[in-house]
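To keep things clear, I will list the structure first and then write my remarks on it.
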Amino acid sequence: MPGSGVDRGNKTALRGLALAAAAGVAALSILAIGPVGPLSAQNAVTSENPSGAIGLRRLNEAQYGRSIEQVFGSGITIPGRFEPSLREKGLLAIGDAHVTVTGSGFEQSELRARQIAAQAFKEKRVSFACDGGSTTFDDTCAQTFIRDLGRQLYRRPLSEGEVASITGLARTAAGKSGSMARGLQAALERMLVSPNFIFRIERTVADPAAPGGRRLDDYSLATRISYLLWDAPPDRALLDAVARGDLRDPARTSRLIDAMLASPRFELGTRAFFSDMFGYDQFQGLAKDQAIYPKFSSSLARDAQEQTLRTIVDLLLTNRGDYRDLFTTRKTFMTRSLGALYRVPVSATAFDGWAPYTFPASEPRSGILSLAGFLMLDPTHEGRSSPTIRGKSVRELLLCQLVPQPPANVNFQLVQDVANPLYRTARQRLTVHQESPACAGCHKLTDPIGLSLENYDAVGNYRTHENSALIDASGSFEGKPYVGLLGLAGRLRESEAVPSCLVRRAFEYGVGREATDTDTALLEQSAARFAAGGYRFPALMKNLAMSDAIRAVAPLSTARTTARNAGQAEGKSR
C-alpha cells in the first residue's frame, strides 16, 4: 500500500522465515535476516557481522507486549493473533530458538505493525523535532527519529546502512502522501515488522580473552541479561550503560545487575521464568468435566495459577526465603473461589480480591504441590486425576529428569475404567502397567510419586477415599519412605536434585538452549554457590547474569550448518 513501512526488504526477510518453516529447517530463519533491504542468505551472514547472527529467539506474545509498552507506554492495542510457542527440552525459552514465522504469521506481523504505528502517531506517543504536516522531507529529523526508536526496538543502535535504508523508505512515503508525519509513520511500521524486532538476534565479536574465539557483543549480552531477569527488552538506562562500556567492567556490571534485581520488573521476570519452568502455558484452554467437578471454571484455573505465582514471589522475593521452602510453606494467598475449593474460611478482603492466608497445621496443605495450580494442571484428563502424569510432572519440572513417552500400543482401558469394582483405586488400576515389562520402567519413576498425591482429586479437592475405598498414599523417594503429599514435600525439600534442577533450568532459560556436558562444571559451581548462599533465588540469578556462560557463544550445531547451506541455495534462487 502507498506509504507503508512494510516494504519489500522486510517481506523478503520474513517470507524467508516462512520458507524455512515450510522446509522444516528452523535455523534457516537466521540466515534470511539482515540489516535492511533485500538480502540473500549469504550476505545476511556476512554483512555487518563477520560471523553472522549466531542465535535468535522469537518474541513470545508477552514479550512482544512488554516491548511495545516499554517504547510507547501502556494502553496500546496489539491486534492479531500470535503463533503458538514451542516447548522443547522442558522450556518454551528453548523452543523459542527453533520457531519461525509462517506465511500467516507474517500477515499478522504486518497487521500489528500498521495498527501499532497508527496508534502511536494518532495518540502522540512518539515525538520528533520537525513539522509533521510539512511537505518538505527533513532528513536530519527523520534520522534522529529512526535512530532513537530503532535503538529501543532493535535493542541495539542501528547501523548507518539501516538508518539510510529506512530513511529512504520514509522519504518515499512522505513524498507520496505529502506529509512528513506519514513518512515517519512508515519508518516505524518498517521497524515493527523487521525480524530485528520480532526476533532477539544475537551477534558476536572477537573475544580478546580467547584468541581466535568469539563472544556475544555487548548489546546481545544486555538483551540476554534483560530477558533473564525481566523477560523484557533492555530499557534506555541499560542501553546507555552498554554504550558506556559498563558490561566490560565487572564492578559496574555488578552494580547494574543489582539495580535490575531491585526493579519491580524483576517480579515480572520471576513470574515469567517459573511460569515457563512449571508449564503454565497448559492453563490455556484447561478443561475439567463439569458433571464431576462443578467448582471448576476458567476463573478458578486463573486463580490457581496466580496463587502459586504469588506464593513464589512472596517467599523468594519479598521475604528473600529459601527456595526449598516452597515445598513446605503453609503461607499463601486466597480468593473466595479458592477458599471454596479448599473448604477453608477466607477474610472479607478475599471476597473481592486476594488476601494472605496460612494453612493451619491441621490442614493437609503445605507447599506449592498441595495447591490447585499444580494439582489441576493436567490437560489430558478431564474426568479423573492421573498419578502417572503428576509423577511425570514432578520428575520433569522439579527434578529435570526426563520420563520417556509411553509405547504406542499401550492399553489404557483398565486404568481409565474408574467404575471397575475390582480396581476401585488408582493404585489398584495401575498395577497392570507396573507389571508389564514394556511399561514398568517408566511407571516405577512416576507412579510412586503420583500415587502419593491421590488424596487430591483432579481439581485439588482433598479426599480420603476413591469409590468408597481407602486411598493408600504411601511412597518412597530416593530410597526414603513417606506418606502422602506432605511427606513427599518434605523429601523434596531435603533432596539436592531439587535446587540443582532450578539452577539448570535458570541457565537454560537464560541462554536459550539445553545444557550439555560442557556446561556441567558451571552448573555444579552454580549449584554450590546457590547452596552456600542459603538457596536465595535473586542471588542465583545474579550469579548467572554475571557468569562467563551468559556471555558465551555456543558452536553452530550440525542443523544450523546444514541450514546455512540450504539458506545460501535458497537465497541464490530468488
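Residues are named by chain letter and number: chains run A, B, ... in the order of the C-alpha cells, numbers start at 1 in each chain, and ligands are numbered from 1 in the order shown.
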Inset, instruction - Tell me which protein, DNA and RNA residues are within 8 Å of stretch 369-375 of chain A, counting only C-alpha atoms, leaving out same-chain ones fewer than 2 positions away, and put them as an MDAnalysis selection string. - result: chainID A and resid 301 304:308 327 364:367 377:378 390 456:460 485:486 489
Inset, instruction - Name all residues at most 10 Å from stretch 257-273 of chain A (count only C-alpha atoms; drop same-chain ones fewer than 5 positions away) and give them as an NGL selection string. - result: :A and (62-63 or 91-93 or 225-232 or 238 or 247 or 252 or 278-280 or 306 or 308-310 or 312-314 or 316-318 or 505-506 or 509-510 or 537-539 or 541-543 or 545-546)
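Around stretch 445-452 of chain A, within 6 Å and counting only C-alpha atoms, the residues found are Pro387, Thr388, Arg390, Gly391, Lys392, Cys442, His443, Glu454, Ala473, Ser474, Gly475, Gly484 and Leu485 of chain A, once anything fewer than 2 positions away on its own chain is removed.
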May I have the residues from that selection written out with N, CA, C and O atoms, as an mmCIF file, in the first residue's frame?
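Output file again_10.cif follows:
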```cif
data_model
loop_
_atom_site.group_PDB
_atom_site.id
_atom_site.type_symbol
_atom_site.label_atom_id
_atom_site.label_comp_id
_atom_site.auth_asym_id
_atom_site.auth_seq_id
_atom_site.Cartn_x
_atom_site.Cartn_y
_atom_site.Cartn_z
ATOM 1 N N PRO A 387 -2.147 -40.235 38.439
ATOM 2 C CA PRO A 387 -0.886 -40.342 39.178
ATOM 3 C C PRO A 387 0.333 -40.362 38.267
ATOM 4 O O PRO A 387 1.387 -39.823 38.618
ATOM 5 N N THR A 388 0.195 -40.969 37.107
ATOM 6 C CA THR A 388 1.318 -41.045 36.182
ATOM 7 C C THR A 388 1.706 -39.661 35.679
ATOM 8 O O THR A 388 2.893 -39.308 35.646
ATOM 9 N N ARG A 390 1.018 -36.779 37.135
ATOM 10 C CA ARG A 390 1.535 -35.994 38.257
ATOM 11 C C ARG A 390 2.962 -36.396 38.601
ATOM 12 O O ARG A 390 3.824 -35.551 38.849
ATOM 13 N N GLY A 391 3.219 -37.690 38.612
ATOM 14 C CA GLY A 391 4.575 -38.141 38.897
ATOM 15 C C GLY A 391 5.549 -37.696 37.821
ATOM 16 O O GLY A 391 6.691 -37.303 38.118
ATOM 17 N N LYS A 392 5.106 -37.740 36.571
ATOM 18 C CA LYS A 392 5.936 -37.260 35.467
ATOM 19 C C LYS A 392 6.222 -35.775 35.616
ATOM 20 O O LYS A 392 7.350 -35.311 35.361
ATOM 21 N N CYS A 442 9.110 -46.968 33.230
ATOM 22 C CA CYS A 442 8.651 -45.587 33.398
ATOM 23 C C CYS A 442 7.717 -45.441 34.590
ATOM 24 O O CYS A 442 7.769 -44.447 35.325
ATOM 25 N N HIS A 443 6.841 -46.435 34.767
ATOM 26 C CA HIS A 443 5.872 -46.327 35.868
ATOM 27 C C HIS A 443 6.545 -46.408 37.231
ATOM 28 O O HIS A 443 6.031 -45.864 38.210
ATOM 29 N N GLU A 454 -2.740 -38.885 45.539
ATOM 30 C CA GLU A 454 -4.097 -39.290 45.213
ATOM 31 C C GLU A 454 -5.149 -38.846 46.233
ATOM 32 O O GLU A 454 -6.340 -39.007 46.006
ATOM 33 N N ALA A 473 -1.711 -43.606 50.173
ATOM 34 C CA ALA A 473 -0.871 -42.534 49.620
ATOM 35 C C ALA A 473 0.578 -42.665 50.053
ATOM 36 O O ALA A 473 1.323 -41.683 50.051
ATOM 37 N N SER A 474 1.003 -43.845 50.393
ATOM 38 C CA SER A 474 2.396 -44.037 50.803
ATOM 39 C C SER A 474 3.298 -44.116 49.583
ATOM 40 O O SER A 474 2.850 -44.405 48.469
ATOM 41 N N GLY A 475 4.558 -43.855 49.784
ATOM 42 C CA GLY A 475 5.509 -43.923 48.685
ATOM 43 C C GLY A 475 6.922 -43.856 49.193
ATOM 44 O O GLY A 475 7.182 -43.859 50.402
ATOM 45 N N GLY A 484 1.892 -39.707 51.919
ATOM 46 C CA GLY A 484 1.107 -38.576 51.452
ATOM 47 C C GLY A 484 1.925 -37.450 50.850
ATOM 48 O O GLY A 484 3.157 -37.447 50.833
ATOM 49 N N LEU A 485 1.180 -36.466 50.352
ATOM 50 C CA LEU A 485 1.798 -35.323 49.694
ATOM 51 C C LEU A 485 2.722 -34.559 50.635
ATOM 52 O O LEU A 485 3.807 -34.126 50.238
#
```
Inset, instruction - Do a neighbour search on A:Ser179 at 10 Å with only C-alpha atoms, toss out local chain neighbours closer than 5 positions, and write the hits as a ChimeraX atom specification. - result: /A:3,131-137,171,173-174,184-185
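Counting from atom CA of A:Gly73, the distance to atom CA of A:Gln115 is 15.2 Å.
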Legend entry - Near-A:Met191 list (10 Å; only C-alpha atoms; drop same-chain fewer than 4 positions) as a ChimeraX atom specification: /A:5-6,10,36,113,117,146,149-150,153-154,162,166,185-187,195-198
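Once A:Glu202 and its same-chain neighbours fewer than 2 positions away are set aside, Ile30, Gly52, Ala53, Ile54, Gly55, Leu56, Arg57, Asn196, Phe199, Arg200, Thr204, Leu216, Asp217, Asp218, Tyr219, Ser220, Leu221, Thr223, Arg224 and Val553 of chain A remain within 10 Å of it when counting only C-alpha atoms.
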Inset, instruction - Have a look at A:Val498, A:Leu169, A:Ala237, A:Leu59 and name the one nearest to A:Gly95; count only C-alpha atoms. - result: A:Leu59
Legend entry - Per-residue DSSP, stretch 333-407 of chain A, filtered to strand (DSSP E or B), as a ChimeraX atom specification: /A:333-334,355-358
Any chance you could export the current selection's N, CA and C atoms as a PDB file, in the first residue's frame?
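Written file, again.pdb:
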```pdb
ATOM      1  N   PHE A 333      -1.838 -17.254  49.424  1.00  0.00           N
ATOM      2  CA  PHE A 333      -2.831 -16.197  49.242  1.00  0.00           C
ATOM      3  C   PHE A 333      -4.123 -16.850  48.782  1.00  0.00           C
ATOM      4  N   MET A 334      -5.245 -16.201  49.090  1.00  0.00           N
ATOM      5  CA  MET A 334      -6.532 -16.851  48.880  1.00  0.00           C
ATOM      6  C   MET A 334      -7.537 -15.892  48.262  1.00  0.00           C
ATOM      7  N   ALA A 355      -6.104 -12.177  49.534  1.00  0.00           N
ATOM      8  CA  ALA A 355      -5.742 -11.937  50.919  1.00  0.00           C
ATOM      9  C   ALA A 355      -4.708 -12.972  51.346  1.00  0.00           C
ATOM     10  N   PRO A 356      -3.741 -12.576  52.168  1.00  0.00           N
ATOM     11  CA  PRO A 356      -2.776 -13.564  52.678  1.00  0.00           C
ATOM     12  C   PRO A 356      -3.500 -14.632  53.481  1.00  0.00           C
ATOM     13  N   TYR A 357      -2.986 -15.838  53.429  1.00  0.00           N
ATOM     14  CA  TYR A 357      -3.608 -16.936  54.162  1.00  0.00           C
ATOM     15  C   TYR A 357      -2.534 -17.939  54.556  1.00  0.00           C
ATOM     16  N   THR A 358      -2.644 -18.461  55.774  1.00  0.00           N
ATOM     17  CA  THR A 358      -1.740 -19.503  56.249  1.00  0.00           C
ATOM     18  C   THR A 358      -2.562 -20.737  56.601  1.00  0.00           C
TER      19      THR A 358
END
```
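Ranking A:Arg190, A:Arg491, A:Arg504, A:Lys444 by their shortest atom-to-atom distance to A:Glu110, with only C-alpha atoms included, puts A:Arg190 first.
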Inset, instruction - Quote the spacing between atom CA of A:Ile201 and atom CA of A:Lys89 in Å to one decimal place. - result: 20.9 Å
